[in-house]
Each structure stands twice: as structure tokens, then as C-alpha cells.
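**Student:** One structure coming up, written as C-alpha cells, with questions to follow.
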Amino acid sequence: MKNIMKYKNFYASIHYEEETSTFWGRIEFIEDIITFESDSLEGLKKEFKEVVEEHLEECKILNKDPYKPYKRNFNIQEGRKKTLLLNI
């Protein structure tokens, strides 16, 4: 089973919580944190499409790029003269 779903160029990682018998997903590679869940795979597909459509509509209202990638910079000091830049 693939653990990824794709819809309108959004990718979601898919997970299963055995204790609650719940499937859940998270849209990856974008700045916003968007999750969704269902008790079935078919329901999860439906929820994924719905949260993507809601995200696109919200970004349109806010004049925001819905595909803006998640990227952060961290400066790490090593000694006096070296600085490392880590991009995530």
C-alpha cells in the first residue's frame, strides 16, 4: 500500500492509528499544517479532497500562495569563525 495520496498537486502522507481504528493524513511540503481523518480509506480520500478545496479557497481569499513550500533556516554557531546554515 502506498502511504501517499495526491490531489491537485498536493501530497498527503497517510497513517493508521490502530488504537482508534482511524486513518489520518497530513498535507506535506507546504507551509500550512493541514490534517484530516476518517474511519475508512474511502472516507479519507473524500476528506483529503475537501481540505484541499477549503485550503485553496482560503488562500484565494487571503491572497496567499497555497503551494508555498515549508522552508526554514537555522543558523548554527560552531566555534568563532564557522557558521553553518541548515535548510529544511
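Chain labels run A, B, ... following the order of the C-alpha cells; each chain numbers its residues from 1, and ligands are numbered from 1 in the order shown.
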What lies within 12 Å of Lys45 (chain A) using only C-alpha atoms, ignoring chain neighbours under 5 positions off, as a VMD selection string?

**Tutor:** chain A and resid 4 to 7 11 to 14 23 to 26 36 to 40 50 to 52

**Student:** Write to file, as a compact mmCIF listing (two decimals), in the first residue's frame, the residues of the selection just made, with C-alpha atoms.

**Tutor:**
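The new file part-v3.txt reads:
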```
# COMPACT_ATOMS: atom_id res chain seq x y z
CA ILE A 4 0.84 8.92 -0.15
CA MET A 5 -2.22 10.50 -1.75
CA LYS A 6 -2.13 13.19 -4.44
CA TYR A 7 -4.82 15.68 -5.39
CA TYR A 11 0.62 15.36 -1.46
CA ALA A 12 -0.57 13.86 1.79
CA SER A 13 1.12 11.27 3.97
CA ILE A 14 -1.32 8.60 5.16
CA PHE A 23 -6.92 6.65 9.18
CA TRP A 24 -5.42 10.12 9.16
CA GLY A 25 -3.39 12.21 6.79
CA ARG A 26 -1.31 15.34 6.65
CA PHE A 36 -7.67 15.16 8.11
CA GLU A 37 -9.07 11.82 9.29
CA SER A 38 -11.68 9.16 8.69
CA ASP A 39 -12.58 5.65 9.80
CA SER A 40 -12.25 4.31 6.21
CA GLU A 50 -12.38 18.55 0.92
CA VAL A 51 -9.48 20.01 2.95
CA VAL A 52 -7.56 20.76 -0.26
```
